[in-house]
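Text of the file query31.txt, holding compact mmCIF, C-alpha atoms and all ligand atoms:
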# COMPACT_ATOMS: atom_id res chain seq x y z
CA MET A 293 -59.84 -38.51 -7.21
CA THR A 294 -59.72 -39.98 -3.75
CA ASP A 295 -59.52 -43.66 -3.12
CA GLN A 296 -59.84 -44.62 0.52
CA PRO A 297 -58.04 -47.68 1.80
CA PRO A 298 -60.27 -50.25 3.44
CA VAL A 299 -60.59 -49.81 7.18
CA ARG A 300 -58.95 -53.10 7.98
CA SER A 301 -57.00 -55.89 6.37
CA THR A 302 -54.74 -58.57 7.77
CA THR A 303 -51.42 -59.90 6.60
CA PRO A 304 -50.43 -63.55 6.85
CA ARG A 305 -48.27 -64.68 9.74
CA GLN A 306 -44.71 -65.42 8.66
CA ALA A 307 -42.05 -67.75 9.98
CA ARG A 308 -40.29 -66.13 12.93
CA PRO A 309 -36.68 -65.15 12.26
CA ALA A 310 -34.08 -66.15 14.81
CA GLY A 311 -33.92 -63.57 17.58
CA ALA A 312 -37.18 -61.89 16.71
CA PRO A 313 -40.06 -61.72 19.17
CA ALA A 314 -42.70 -64.43 18.94
CA ASP A 315 -45.44 -62.36 17.33
CA THR A 316 -44.22 -60.38 14.35
CA ALA A 317 -47.52 -60.34 12.48
CA VAL A 318 -49.07 -56.94 12.97
CA ARG A 319 -52.67 -56.50 12.04
CA GLU A 320 -53.06 -53.66 9.58
CA THR A 321 -55.56 -51.47 11.34
CA ARG A 322 -56.19 -48.19 9.61
CA PRO A 323 -58.01 -45.17 11.01
CA LYS A 324 -61.65 -44.90 10.13
CA ASP A 325 -61.17 -41.25 9.12
CA THR A 326 -62.57 -40.29 5.78
CA GLY A 327 -60.77 -36.99 5.33
CA VAL A 328 -57.42 -38.48 4.35
CA ARG A 329 -56.67 -38.18 0.67
CA GLN A 330 -55.38 -41.40 -0.87
CA VAL A 331 -54.03 -41.47 -4.39
CA ARG A 332 -52.94 -44.70 -6.05
CA PRO A 333 -50.90 -45.52 -9.13
CA LYS A 334 -54.09 -45.99 -11.12
CA THR A 335 -55.24 -42.48 -10.09
CA GLU A 336 -53.34 -40.97 -12.98
CA GLY A 337 -54.29 -43.73 -15.36
CA TRP A 338 -51.33 -46.05 -14.87
CA GLN A 339 -52.25 -49.61 -15.83
CA GLN A 340 -50.36 -52.53 -14.39
CA ALA A 341 -49.03 -54.72 -17.19
CA LYS A 342 -50.06 -58.33 -16.49
CA ASP A 343 -48.75 -61.70 -17.59
CA GLU A 344 -50.91 -64.43 -19.14
CA THR A 345 -51.98 -65.66 -15.67
CA GLY A 346 -53.21 -62.19 -14.69
CA ARG A 347 -50.33 -61.50 -12.28
CA PRO A 348 -48.28 -58.28 -12.51
CA LEU A 349 -45.66 -58.55 -15.23
CA LEU A 350 -42.21 -59.07 -13.75
CA GLN A 351 -39.12 -59.87 -15.80
CA PHE A 352 -36.62 -61.92 -13.82
CA ALA A 353 -34.79 -63.51 -16.75
CA SER A 354 -32.51 -61.35 -18.83
CA PRO A 355 -33.51 -61.23 -22.51
CA LYS A 356 -30.95 -63.05 -24.63
CA ARG A 357 -28.48 -60.63 -26.22
CA GLY A 358 -24.85 -60.90 -27.22
CA LYS A 359 -22.73 -61.21 -24.09
CA PRO A 360 -20.16 -58.52 -23.31
CA PRO A 361 -16.53 -59.61 -23.77
CA VAL A 362 -15.02 -61.41 -20.78
CA HIS A 363 -12.88 -59.01 -18.78
CA LEU A 364 -10.38 -59.41 -15.95
CA ALA A 365 -13.02 -58.19 -13.46
CA ASP A 366 -15.36 -61.05 -14.43
CA LEU A 367 -12.78 -63.57 -13.24
CA THR A 368 -11.30 -64.63 -9.92
CA HIS A 369 -7.55 -64.20 -9.49
CA ASP A 370 -6.99 -67.90 -10.22
CA GLU A 371 -9.15 -67.74 -13.33
CA ARG A 372 -7.10 -64.75 -14.53
CA ILE A 373 -3.92 -66.79 -14.20
CA THR A 374 -5.50 -69.71 -16.06
CA LYS A 375 -6.61 -67.43 -18.87
CA LEU A 376 -3.14 -65.90 -19.18
CA LYS A 377 -1.59 -69.35 -19.33
CA GLU A 378 -4.03 -70.30 -22.08
CA LEU A 379 -2.73 -67.26 -23.96
CA GLY A 380 0.80 -68.62 -23.47
CA LEU A 381 1.75 -65.97 -20.90
CA PRO A 382 3.14 -66.27 -17.40
CA GLY A 383 0.61 -66.16 -14.55
CA PHE A 384 2.37 -63.28 -12.77
CA ARG A 385 1.10 -60.93 -15.47
CA ALA A 386 -2.27 -61.16 -13.67
CA LYS A 387 -0.93 -59.20 -10.74
CA GLN A 388 0.57 -56.55 -13.01
CA LEU A 389 -2.71 -56.12 -14.88
CA GLU A 390 -4.67 -55.98 -11.61
CA LYS A 391 -2.41 -53.20 -10.39
CA HIS A 392 -2.86 -51.17 -13.56
CA TYR A 393 -6.60 -51.59 -13.56
CA PHE A 394 -7.62 -51.51 -9.88
CA THR A 395 -4.92 -49.15 -8.55
CA HIS A 396 -4.05 -46.91 -11.49
CA TYR A 397 -7.50 -47.15 -13.14
CA THR A 398 -6.07 -47.61 -16.59
CA SER A 399 -6.73 -49.98 -19.49
CA ASP A 400 -4.29 -48.14 -21.75
CA PRO A 401 -1.43 -50.38 -22.95
CA ALA A 402 0.79 -47.32 -23.47
CA ALA A 403 0.74 -46.70 -19.70
CA MET A 404 1.82 -50.29 -18.89
CA THR A 405 5.55 -49.98 -19.47
CA ASP A 406 6.34 -52.87 -17.12
CA LEU A 407 4.81 -55.24 -19.67
CA PRO A 408 6.94 -56.29 -22.64
CA ALA A 409 6.18 -54.06 -25.63
CA SER A 410 5.86 -57.03 -27.93
CA GLY A 411 2.37 -58.50 -27.58
CA ARG A 412 1.27 -55.88 -25.02
CA GLU A 413 -1.59 -54.53 -27.11
CA GLU A 414 -2.97 -58.05 -27.66
CA LEU A 415 -2.61 -58.94 -23.99
CA VAL A 416 -4.47 -55.84 -22.85
CA ALA A 417 -7.14 -56.26 -25.53
CA GLY A 418 -7.70 -59.83 -24.33
CA MET A 419 -7.79 -59.12 -20.60
CA LEU A 420 -9.13 -55.55 -20.41
CA PRO A 421 -11.47 -55.15 -23.39
CA PRO A 422 -13.37 -51.84 -23.57
CA LEU A 423 -16.79 -52.13 -21.90
CA LEU A 424 -18.27 -48.67 -21.42
CA THR A 425 -18.23 -45.81 -23.88
CA GLU A 426 -19.03 -42.46 -22.33
CA VAL A 427 -21.89 -40.79 -24.18
CA ARG A 428 -22.69 -37.90 -21.89
CA ARG A 429 -21.64 -36.30 -18.66
CA LEU A 430 -23.84 -33.91 -16.71
CA GLU A 431 -22.59 -31.94 -13.73
CA THR A 432 -24.09 -29.73 -11.08
CA ASP A 433 -22.79 -26.16 -10.84
CA ARG A 434 -20.36 -26.98 -8.06
CA GLY A 435 -19.23 -30.06 -9.93
CA ASP A 436 -19.71 -32.24 -6.83
CA THR A 437 -22.34 -34.41 -8.54
CA ILE A 438 -21.76 -35.95 -11.96
CA LYS A 439 -24.08 -38.20 -13.93
CA PHE A 440 -22.54 -40.42 -16.60
CA LEU A 441 -24.41 -41.98 -19.48
CA TRP A 442 -22.62 -45.07 -20.76
CA LYS A 443 -23.13 -47.12 -23.88
CA LEU A 444 -22.44 -50.86 -23.57
CA HIS A 445 -20.92 -53.01 -26.33
CA ASP A 446 -24.37 -53.84 -27.73
CA GLY A 447 -25.69 -50.27 -27.65
CA ALA A 448 -27.64 -50.67 -24.36
CA LEU A 449 -27.53 -47.49 -22.23
CA VAL A 450 -26.89 -47.30 -18.49
CA GLU A 451 -26.06 -44.53 -16.06
CA SER A 452 -24.13 -43.93 -12.88
CA VAL A 453 -24.04 -40.94 -10.55
CA LEU A 454 -20.96 -39.78 -8.66
CA MET A 455 -21.44 -37.62 -5.55
CA ARG A 456 -18.96 -36.01 -3.21
CA TYR A 457 -20.04 -35.60 0.41
CA PRO A 458 -17.88 -34.42 3.31
CA GLY A 459 -15.51 -37.31 4.06
CA ARG A 460 -16.80 -39.72 1.43
CA ILE A 461 -17.41 -40.14 -2.28
CA THR A 462 -20.43 -42.20 -3.30
CA LEU A 463 -21.11 -43.80 -6.66
CA CYS A 464 -24.61 -44.94 -7.50
CA VAL A 465 -24.12 -47.81 -9.95
CA SER A 466 -26.39 -49.62 -12.38
CA SER A 467 -26.58 -53.40 -12.27
CA GLN A 468 -28.94 -54.00 -15.20
CA ALA A 469 -29.74 -52.13 -18.41
CA GLY A 470 -33.35 -51.23 -17.65
CA CYS A 471 -35.27 -53.13 -15.00
CA GLY A 472 -37.94 -55.81 -15.01
CA MET A 473 -39.63 -54.92 -11.72
CA ASN A 474 -42.13 -52.53 -13.30
CA CYS A 475 -42.52 -50.09 -10.37
CA PRO A 476 -44.99 -47.45 -11.52
CA PHE A 477 -43.17 -44.48 -9.96
CA CYS A 478 -39.81 -45.36 -11.50
CA ALA A 479 -38.64 -44.11 -14.87
CA THR A 480 -36.29 -47.09 -15.29
CA GLY A 481 -39.05 -49.57 -14.51
CA GLN A 482 -41.24 -48.12 -17.22
CA ALA A 483 -38.65 -48.98 -19.86
CA GLY A 484 -38.49 -52.72 -18.99
CA LEU A 485 -35.42 -54.93 -18.77
CA THR A 486 -32.92 -54.79 -21.62
CA ARG A 487 -30.36 -57.15 -20.07
CA ASN A 488 -28.24 -58.02 -17.05
CA MET A 489 -24.90 -56.28 -16.80
CA SER A 490 -21.73 -58.31 -16.37
CA ALA A 491 -19.66 -58.04 -13.18
CA ALA A 492 -16.97 -56.20 -15.13
CA GLU A 493 -19.48 -53.70 -16.55
CA ILE A 494 -20.48 -52.91 -12.96
CA ILE A 495 -16.85 -52.60 -11.82
CA GLU A 496 -15.88 -50.49 -14.82
CA GLN A 497 -18.31 -47.79 -13.63
CA ILE A 498 -16.22 -47.49 -10.45
CA VAL A 499 -12.86 -47.63 -12.19
CA ARG A 500 -13.89 -44.89 -14.62
CA ALA A 501 -15.18 -42.76 -11.76
CA ASN A 502 -11.93 -43.28 -9.85
CA ALA A 503 -9.93 -42.26 -12.91
CA LEU A 504 -11.93 -39.06 -13.17
CA ILE A 505 -11.50 -38.28 -9.46
CA ALA A 506 -7.75 -38.98 -9.65
CA ALA A 507 -7.53 -36.51 -12.53
CA GLY A 508 -9.23 -33.85 -10.38
CA GLY A 509 -12.53 -34.03 -12.27
CA LEU A 510 -14.87 -34.15 -9.27
CA GLY A 511 -15.43 -30.80 -7.61
CA GLY A 512 -16.69 -29.72 -4.23
CA LYS A 513 -13.71 -30.78 -2.13
CA LYS A 514 -13.36 -28.72 1.05
CA SER A 515 -9.90 -27.81 2.33
CA THR A 516 -10.77 -29.61 5.59
CA ASP A 517 -11.62 -32.88 3.82
CA HIS A 518 -8.61 -35.18 3.99
CA SER A 519 -10.38 -38.35 2.88
CA LEU A 520 -8.92 -40.48 0.09
CA ASP A 521 -9.70 -39.25 -3.38
CA ARG A 522 -11.49 -42.28 -4.77
CA VAL A 523 -14.94 -43.79 -4.55
CA SER A 524 -15.47 -44.92 -0.94
CA ASN A 525 -19.16 -45.85 -1.03
CA ILE A 526 -21.22 -47.77 -3.56
CA VAL A 527 -24.98 -47.82 -3.67
CA PHE A 528 -26.72 -50.24 -6.01
CA MET A 529 -29.52 -47.78 -6.64
CA GLY A 530 -28.96 -46.95 -10.28
CA MET A 531 -30.71 -48.84 -13.05
CA GLY A 532 -31.86 -52.33 -12.22
CA GLU A 533 -32.82 -54.63 -9.38
CA PRO A 534 -29.42 -55.94 -8.21
CA LEU A 535 -30.74 -59.14 -6.65
CA ALA A 536 -32.35 -60.09 -9.97
CA ASN A 537 -28.77 -60.23 -11.34
CA TYR A 538 -27.44 -61.98 -8.26
CA ASN A 539 -24.35 -63.88 -9.42
CA ARG A 540 -22.84 -61.03 -11.41
CA VAL A 541 -23.57 -58.49 -8.70
CA MET A 542 -21.91 -60.73 -6.12
CA GLN A 543 -18.85 -61.26 -8.33
CA ALA A 544 -18.64 -57.46 -8.64
CA VAL A 545 -18.95 -57.05 -4.86
CA ARG A 546 -16.17 -59.61 -4.31
CA VAL A 547 -13.91 -57.63 -6.65
CA MET A 548 -14.83 -54.40 -4.82
CA VAL A 549 -13.80 -55.75 -1.41
CA ASP A 550 -10.78 -57.80 -2.52
CA LYS A 551 -7.79 -56.06 -0.95
CA GLU A 552 -5.14 -58.02 -2.82
CA HIS A 553 -6.58 -58.52 -6.28
CA GLY A 554 -9.42 -55.99 -6.51
CA LEU A 555 -10.46 -52.52 -5.46
CA GLY A 556 -9.93 -53.06 -1.71
CA MET A 557 -13.07 -51.25 -0.62
CA SER A 558 -14.82 -51.69 2.71
CA ALA A 559 -17.90 -53.97 2.57
CA ARG A 560 -19.64 -51.62 4.96
CA GLY A 561 -19.47 -48.86 2.37
CA ILE A 562 -21.34 -51.00 -0.17
CA THR A 563 -25.13 -50.88 -0.08
CA VAL A 564 -27.07 -53.57 -1.90
CA SER A 565 -30.70 -52.60 -2.20
CA THR A 566 -33.73 -54.56 -3.32
CA VAL A 567 -37.46 -54.17 -3.68
CA GLY A 568 -37.81 -57.47 -1.82
CA LEU A 569 -36.64 -60.59 -3.68
CA VAL A 570 -36.90 -62.71 -0.56
CA PRO A 571 -34.99 -65.87 -1.61
CA ALA A 572 -32.10 -63.70 -2.83
CA ILE A 573 -32.06 -61.72 0.45
CA LYS A 574 -31.66 -65.03 2.28
CA LYS A 575 -28.81 -65.98 -0.05
CA LEU A 576 -27.14 -62.62 0.51
CA ALA A 577 -27.33 -63.15 4.28
CA ASP A 578 -25.38 -66.40 3.84
CA GLU A 579 -22.54 -64.76 1.89
CA ASP A 580 -19.61 -63.95 4.09
CA ILE A 581 -19.54 -60.31 2.96
CA PRO A 582 -21.18 -57.90 5.42
CA VAL A 583 -22.44 -55.34 2.93
CA THR A 584 -25.09 -52.86 4.00
CA PHE A 585 -28.50 -54.14 3.05
CA ALA A 586 -31.35 -51.82 2.09
CA LEU A 587 -34.95 -52.83 1.55
CA SER A 588 -36.93 -50.44 -0.66
CA LEU A 589 -40.24 -50.82 1.11
CA HIS A 590 -42.23 -47.68 0.21
CA ALA A 591 -45.42 -48.95 1.88
CA PRO A 592 -46.01 -50.95 5.09
CA ASP A 593 -49.36 -52.40 3.94
CA ASP A 594 -49.84 -54.98 1.19
CA HIS A 595 -52.94 -53.19 0.01
CA LEU A 596 -50.88 -50.29 -1.37
CA ARG A 597 -47.56 -52.09 -1.85
CA ASP A 598 -49.13 -54.61 -4.22
CA GLU A 599 -49.65 -51.67 -6.58
CA LEU A 600 -46.60 -49.59 -5.78
CA ILE A 601 -44.04 -52.42 -5.89
CA PRO A 602 -45.42 -55.13 -8.19
CA VAL A 603 -42.97 -57.73 -6.85
CA ASN A 604 -45.08 -57.57 -3.68
CA SER A 605 -47.48 -59.85 -5.55
CA LYS A 606 -44.85 -62.57 -5.02
CA TRP A 607 -43.35 -61.69 -1.63
CA LYS A 608 -45.47 -59.71 0.82
CA VAL A 609 -44.42 -56.95 3.21
CA ASP A 610 -44.11 -59.31 6.18
CA GLU A 611 -42.00 -61.79 4.23
CA ALA A 612 -39.66 -59.02 3.06
CA LEU A 613 -39.36 -57.62 6.60
CA ASP A 614 -38.70 -61.08 8.05
CA ALA A 615 -35.94 -61.60 5.47
CA ALA A 616 -34.49 -58.17 6.33
CA ARG A 617 -34.49 -59.01 10.03
CA ALA A 618 -32.84 -62.37 9.25
CA TYR A 619 -30.14 -60.45 7.36
CA PHE A 620 -29.42 -58.48 10.51
CA ASP A 621 -29.31 -61.69 12.57
CA ALA A 622 -26.85 -63.31 10.16
CA THR A 623 -24.52 -60.34 9.68
CA GLY A 624 -25.01 -58.00 12.64
CA ARG A 625 -25.34 -55.21 10.08
CA ARG A 626 -28.18 -52.78 10.68
CA VAL A 627 -30.67 -52.83 7.82
CA SER A 628 -31.88 -49.71 6.01
CA ILE A 629 -35.50 -49.34 5.00
CA GLU A 630 -35.88 -47.00 2.03
CA TYR A 631 -39.18 -45.20 1.79
CA ALA A 632 -39.91 -42.75 -1.06
CA LEU A 633 -42.40 -40.27 0.35
CA ILE A 634 -45.06 -39.70 -2.30
CA LYS A 635 -47.67 -37.03 -1.70
CA ASP A 636 -51.04 -38.50 -0.65
CA MET A 637 -49.90 -41.94 -1.80
CA ASN A 638 -47.91 -43.45 1.06
CA ASP A 639 -47.08 -40.52 3.35
CA HIS A 640 -49.98 -40.84 5.80
CA ALA A 641 -49.38 -40.66 9.52
CA TRP A 642 -51.11 -44.00 10.04
CA ARG A 643 -48.63 -45.60 7.65
CA ALA A 644 -45.71 -44.23 9.69
CA ASP A 645 -47.32 -45.79 12.77
CA LEU A 646 -47.94 -49.11 11.02
CA LEU A 647 -44.36 -49.19 9.74
CA ALA A 648 -43.02 -48.51 13.25
CA GLU A 649 -45.26 -51.21 14.67
CA LYS A 650 -44.11 -53.80 12.14
CA LEU A 651 -40.44 -52.96 12.66
CA ASN A 652 -40.72 -52.96 16.46
CA ALA A 653 -42.55 -56.29 16.33
CA ARG A 654 -39.31 -57.73 14.96
CA GLY A 655 -37.11 -56.37 17.74
CA ARG A 656 -35.17 -53.21 18.52
CA GLY A 657 -31.90 -51.82 17.21
CA TRP A 658 -31.82 -53.75 13.94
CA VAL A 659 -33.13 -51.21 11.49
CA HIS A 660 -32.93 -47.61 10.33
CA VAL A 661 -35.51 -45.89 8.13
CA ASN A 662 -34.56 -43.49 5.33
CA PRO A 663 -37.54 -41.63 3.96
CA ILE A 664 -36.69 -39.75 0.78
CA PRO A 665 -39.05 -37.26 -0.86
CA LEU A 666 -39.95 -38.63 -4.29
CA ASN A 667 -38.30 -37.17 -7.34
CA PRO A 668 -41.19 -36.76 -9.73
CA THR A 669 -41.04 -38.66 -13.02
CA PRO A 670 -41.28 -36.10 -15.84
CA GLY A 671 -44.87 -35.63 -16.95
CA SER A 672 -46.26 -37.35 -13.88
CA ILE A 673 -48.56 -35.87 -11.28
CA TRP A 674 -46.67 -37.89 -8.66
CA THR A 675 -44.70 -35.64 -6.47
CA ALA A 676 -42.86 -35.31 -3.17
CA SER A 677 -44.76 -35.07 0.11
CA GLU A 678 -45.11 -31.63 1.63
CA VAL A 679 -42.47 -30.69 4.16
CA PRO A 680 -44.76 -30.74 7.25
CA VAL A 681 -46.01 -34.17 6.18
CA GLN A 682 -42.44 -35.42 5.74
CA ASN A 683 -41.52 -34.10 9.17
CA GLU A 684 -44.54 -35.69 10.82
CA PHE A 685 -43.74 -39.05 9.18
CA VAL A 686 -40.19 -38.90 10.49
CA ARG A 687 -41.27 -37.70 13.96
CA ARG A 688 -43.71 -40.58 14.43
CA LEU A 689 -41.11 -43.18 13.56
CA ASN A 690 -38.47 -41.60 15.78
CA ASP A 691 -40.96 -41.29 18.66
CA ALA A 692 -41.72 -44.98 18.28
CA GLY A 693 -38.02 -45.72 18.77
CA ILE A 694 -37.10 -46.32 15.12
CA PRO A 695 -34.04 -44.26 14.09
CA THR A 696 -35.20 -42.35 11.03
CA THR A 697 -33.36 -39.82 8.88
CA LEU A 698 -34.76 -37.90 5.94
CA ARG A 699 -32.37 -38.47 3.03
CA ASP A 700 -31.39 -35.68 0.69
CA THR A 701 -32.21 -35.82 -2.98
CA ARG A 702 -28.81 -35.08 -4.43
CA GLY A 703 -28.76 -35.41 -8.17
CA LYS A 704 -32.35 -34.32 -8.59
CA GLU A 705 -31.43 -31.41 -10.80
CA ILE A 706 -29.72 -33.72 -13.29
CA ASP A 707 -32.28 -36.53 -13.04
CA GLY A 708 -29.71 -38.58 -11.25
CA ALA A 709 -31.72 -39.52 -8.19
CA CYS A 710 -33.20 -42.95 -7.53
CA GLY A 711 -36.01 -43.85 -9.88
CA GLN A 712 -34.89 -41.26 -12.42
CA LEU A 713 -32.09 -43.05 -14.17
CA VAL A 714 -33.47 -43.67 -17.61
CA ALA A 715 -32.17 -42.79 -21.03
CA THR A 716 -34.10 -39.92 -22.60
CA GLU A 717 -34.70 -39.36 -26.29
CA ASP A 718 -31.76 -36.90 -26.33
CA ASP A 719 -29.58 -39.54 -24.73
CA GLU A 720 -30.55 -42.03 -27.43
CA VAL A 721 -29.64 -39.55 -30.15
CA ALA A 722 -26.29 -38.78 -28.51
CA ALA A 723 -25.63 -42.51 -28.03
CA ALA A 724 -26.37 -43.25 -31.68
CA ALA A 725 -23.70 -40.75 -32.65
CA THR A 726 -21.12 -42.25 -30.27
CA PRO A 727 -19.06 -45.14 -31.64
CA VAL A 728 -18.49 -48.01 -29.18
CA GLY A 729 -14.96 -48.56 -27.84
S1 LIG A 801 -37.63 -48.75 -8.43
FE1 LIG A 801 -35.86 -50.10 -8.65
S2 LIG A 801 -36.76 -52.14 -8.79
FE2 LIG A 801 -38.43 -50.71 -9.21
S3 LIG A 801 -38.45 -50.52 -11.46
FE3 LIG A 801 -37.15 -48.88 -10.63
S4 LIG A 801 -35.05 -49.69 -10.75
FE4 LIG A 801 -36.49 -51.42 -10.88

Translate this file's structure into structure tokens.
Amino acid sequence: MTDQPPVRSTTPRQARPAGAPADTAVRETRPKDTGVRQVRPKTEGWQQAKDETGRPLLQFASPKRGKPPVHLADLTHDERITKLKELGLPGFRAKQLEKHYFTHYTSDPAAMTDLPASGREELVAGMLPPLLTEVRRLETDRGDTIKFLWKLHDGALVESVLMRYPGRITLCVSSQAGCGMNCPFCATGQAGLTRNMSAAEIIEQIVRANALIAAGGLGGKKSTDHSLDRVSNIVFMGMGEPLANYNRVMQAVRVMVDKEHGLGMSARGITVSTVGLVPAIKKLADEDIPVTFALSLHAPDDHLRDELIPVNSKWKVDEALDAARAYFDATGRRVSIEYALIKDMNDHAWRADLLAEKLNARGRGWVHVNPIPLNPTPGSIWTASEVPVQNEFVRRLNDAGIPTTLRDTRGKEIDGACGQLVATEDDEVAAAATPVG
């Protein structure tokens, strides 16, 4: 079925971000050609779930479930000291525990011989309670990509994907169990939101990955690669919309970058992505942590994006782009625009031109576009754009002066790529057989 976009629509003018040119509102003019195939989410029968007011169903609030136990990584250094004192222990134990956890990646009391044997088990149980139980691990042949399936204390399932590249090791982390943003192309979105993850549950994914790397469990290292053997880059592109779990995600980011009392990672290596929660993007710009910011745009026109990214019903393309530009102004960090290329859905040449126009209308040198061929959801007719179409999309953006790089789809073979992190029936069975702790 073909479904032609209307020839013309307009988007509302938005407030001008500091430093942007005066006119950032670009009229969405589409070619009058009739030969362009246009599929839409509803083409394959997908129905947008709606709330009682008729708007697309979005879950921002986490359903109430038992909270995970409080862990050292949920607390600031001062709060750790206070908690230890409440337990009748000296505050300097905080530093010892931090070293075991963030440097040696262990929560095993037997390995902590610098702590007095008497009461050690209780101390560790109180400060470093178990958070993630490994249910499954899937690896590629070379062993340079590993997907973990974790069970949380309440049985909720989340995943993370570890990938070695030349000179860096990236971990794609989950920030929520499930997701409430309801994007039709995303396996996680179809399952809805189970609950927000705690800061420590986010951090524990990194610590466990680091422990595995330190034990030599991640393959693919070249003899010429002299980079440190631990996770160097984090992308919040696993399960969940990170900015819908803002406070916990930010606590986790603070622990990641804390050189004295945390993981000591570089903020630049941390990518926080969002489908466009505009107020939270503004908040992120005001934090004094220059993480890399990525906007998952996937369509430059509201007409399609309203369907493809349901949160667009709240914050439109121009608002999201203005917020992204404001992030650049506040931090000096170049913004990434993520764009899943979906065959006949959003991969049209005119959309590449419109995207370039909208980005250029907000100035030069502030943005980079990462198109990524879609990883099809099992059972879906949605699929990646054809290679010549991908190349033409990239060429048009680059020719318009927008730096654009086609991203690879590492993890595809183990369903570990963006939009594919969702527990399968097999996972559920395996999880049921795995005791927590
Ligand atoms: S694409 Fe991202 S925001 Fe959308 S449903 Fe999936 S995980 Fe959530």

Kindly work out which residues sit at most 10 Å from ligand LIG 801 (chain A), using only C-alpha atoms and all ligand atoms, and give the list as a CSV table (one decimal) with C-alpha atoms, keeping the file's coordinate frame.
chain,number,residue,atom,x,y,z
A,350,LEU,CA,-42.2,-59.1,-13.8
A,466,SER,CA,-26.4,-49.6,-12.4
A,467,SER,CA,-26.6,-53.4,-12.3
A,468,GLN,CA,-28.9,-54.0,-15.2
A,469,ALA,CA,-29.7,-52.1,-18.4
A,470,GLY,CA,-33.4,-51.2,-17.6
A,471,CYS,CA,-35.3,-53.1,-15.0
A,472,GLY,CA,-37.9,-55.8,-15.0
A,473,MET,CA,-39.6,-54.9,-11.7
A,474,ASN,CA,-42.1,-52.5,-13.3
A,475,CYS,CA,-42.5,-50.1,-10.4
A,476,PRO,CA,-45.0,-47.4,-11.5
A,477,PHE,CA,-43.2,-44.5,-10.0
A,478,CYS,CA,-39.8,-45.4,-11.5
A,479,ALA,CA,-38.6,-44.1,-14.9
A,480,THR,CA,-36.3,-47.1,-15.3
A,481,GLY,CA,-39.0,-49.6,-14.5
A,482,GLN,CA,-41.2,-48.1,-17.2
A,483,ALA,CA,-38.6,-49.0,-19.9
A,484,GLY,CA,-38.5,-52.7,-19.0
A,485,LEU,CA,-35.4,-54.9,-18.8
A,528,PHE,CA,-26.7,-50.2,-6.0
A,529,MET,CA,-29.5,-47.8,-6.6
A,530,GLY,CA,-29.0,-47.0,-10.3
A,531,MET,CA,-30.7,-48.8,-13.0
A,532,GLY,CA,-31.9,-52.3,-12.2
A,533,GLU,CA,-32.8,-54.6,-9.4
A,534,PRO,CA,-29.4,-55.9,-8.2
A,535,LEU,CA,-30.7,-59.1,-6.6
A,536,ALA,CA,-32.4,-60.1,-10.0
A,565,SER,CA,-30.7,-52.6,-2.2
A,566,THR,CA,-33.7,-54.6,-3.3
A,567,VAL,CA,-37.5,-54.2,-3.7
A,568,GLY,CA,-37.8,-57.5,-1.8
A,569,LEU,CA,-36.6,-60.6,-3.7
A,588,SER,CA,-36.9,-50.4,-0.7
A,590,HIS,CA,-42.2,-47.7,0.2
A,600,LEU,CA,-46.6,-49.6,-5.8
A,601,ILE,CA,-44.0,-52.4,-5.9
A,602,PRO,CA,-45.4,-55.1,-8.2
A,603,VAL,CA,-43.0,-57.7,-6.8
A,632,ALA,CA,-39.9,-42.8,-1.1
A,710,CYS,CA,-33.2,-43.0,-7.5
A,711,GLY,CA,-36.0,-43.8,-9.9
A,712,GLN,CA,-34.9,-41.3,-12.4
A,713,LEU,CA,-32.1,-43.0,-14.2
A,714,VAL,CA,-33.5,-43.7,-17.6

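With distances taken over all atoms listed in the file, A:Leu666 is the one residue among A:Leu424, A:Ala417, A:Leu666, A:Leu520 lying closest to Asp636 (chain A).
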
Q. Counting all atoms listed in the file, which of A:Asn537, A:Met637, A:Ala616, A:Arg560 gets nearest to Phe352 (chain A)?
A.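 That would be A:Asn537, the residue with the smallest distance to Phe352 (chain A).
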
Q | Exercise: Leu449 (chain A) partners within 7 Å, only C-alpha atoms, chain neighbours under 6 positions left out, as a VMD selection string | A | chain A and resid 441 to 443 469 715

Q | Residue contacts of Thr398 (chain A) (10 Å, all atoms listed in the file) excluding same-chain residues fewer than 6 positions away, as a list in words | A |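 Within the cut-off, the hits are Leu389, Glu390, Lys391, His392, Met404, Leu420, Val499, Arg500, Asn502 and Ala503 of chain A.
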
List the neighbours of region 408-411 of chain A out to 12 Å using all atoms listed in the file; skip same-chain residues closer than 5 positions along the sequence, and give me the result as a compact mmCIF listing (two decimals) with C-alpha atoms, keeping the file's coordinate frame.
# COMPACT_ATOMS: atom_id res chain seq x y z
CA LEU A 379 -2.73 -67.26 -23.96
CA GLY A 380 0.80 -68.62 -23.47
CA LEU A 381 1.75 -65.97 -20.90
CA PRO A 382 3.14 -66.27 -17.40
CA ARG A 385 1.10 -60.93 -15.47
CA GLN A 388 0.57 -56.55 -13.01
CA PRO A 401 -1.43 -50.38 -22.95
CA ALA A 402 0.79 -47.32 -23.47
CA ALA A 403 0.74 -46.70 -19.70
CA VAL A 416 -4.47 -55.84 -22.85
CA ALA A 417 -7.14 -56.26 -25.53
CA GLY A 418 -7.70 -59.83 -24.33

Q: For each of A:Glu451, A:Asp691, A:Asp517, A:Glu344, take the minimum atom-to-atom distance to Ile438 (chain A), counting all atoms listed in the file, then give the residue where this is smallest.
A: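 Among A:Glu451, A:Asp691, A:Asp517, A:Glu344, it is A:Glu451 that comes nearest to Ile438 (chain A).
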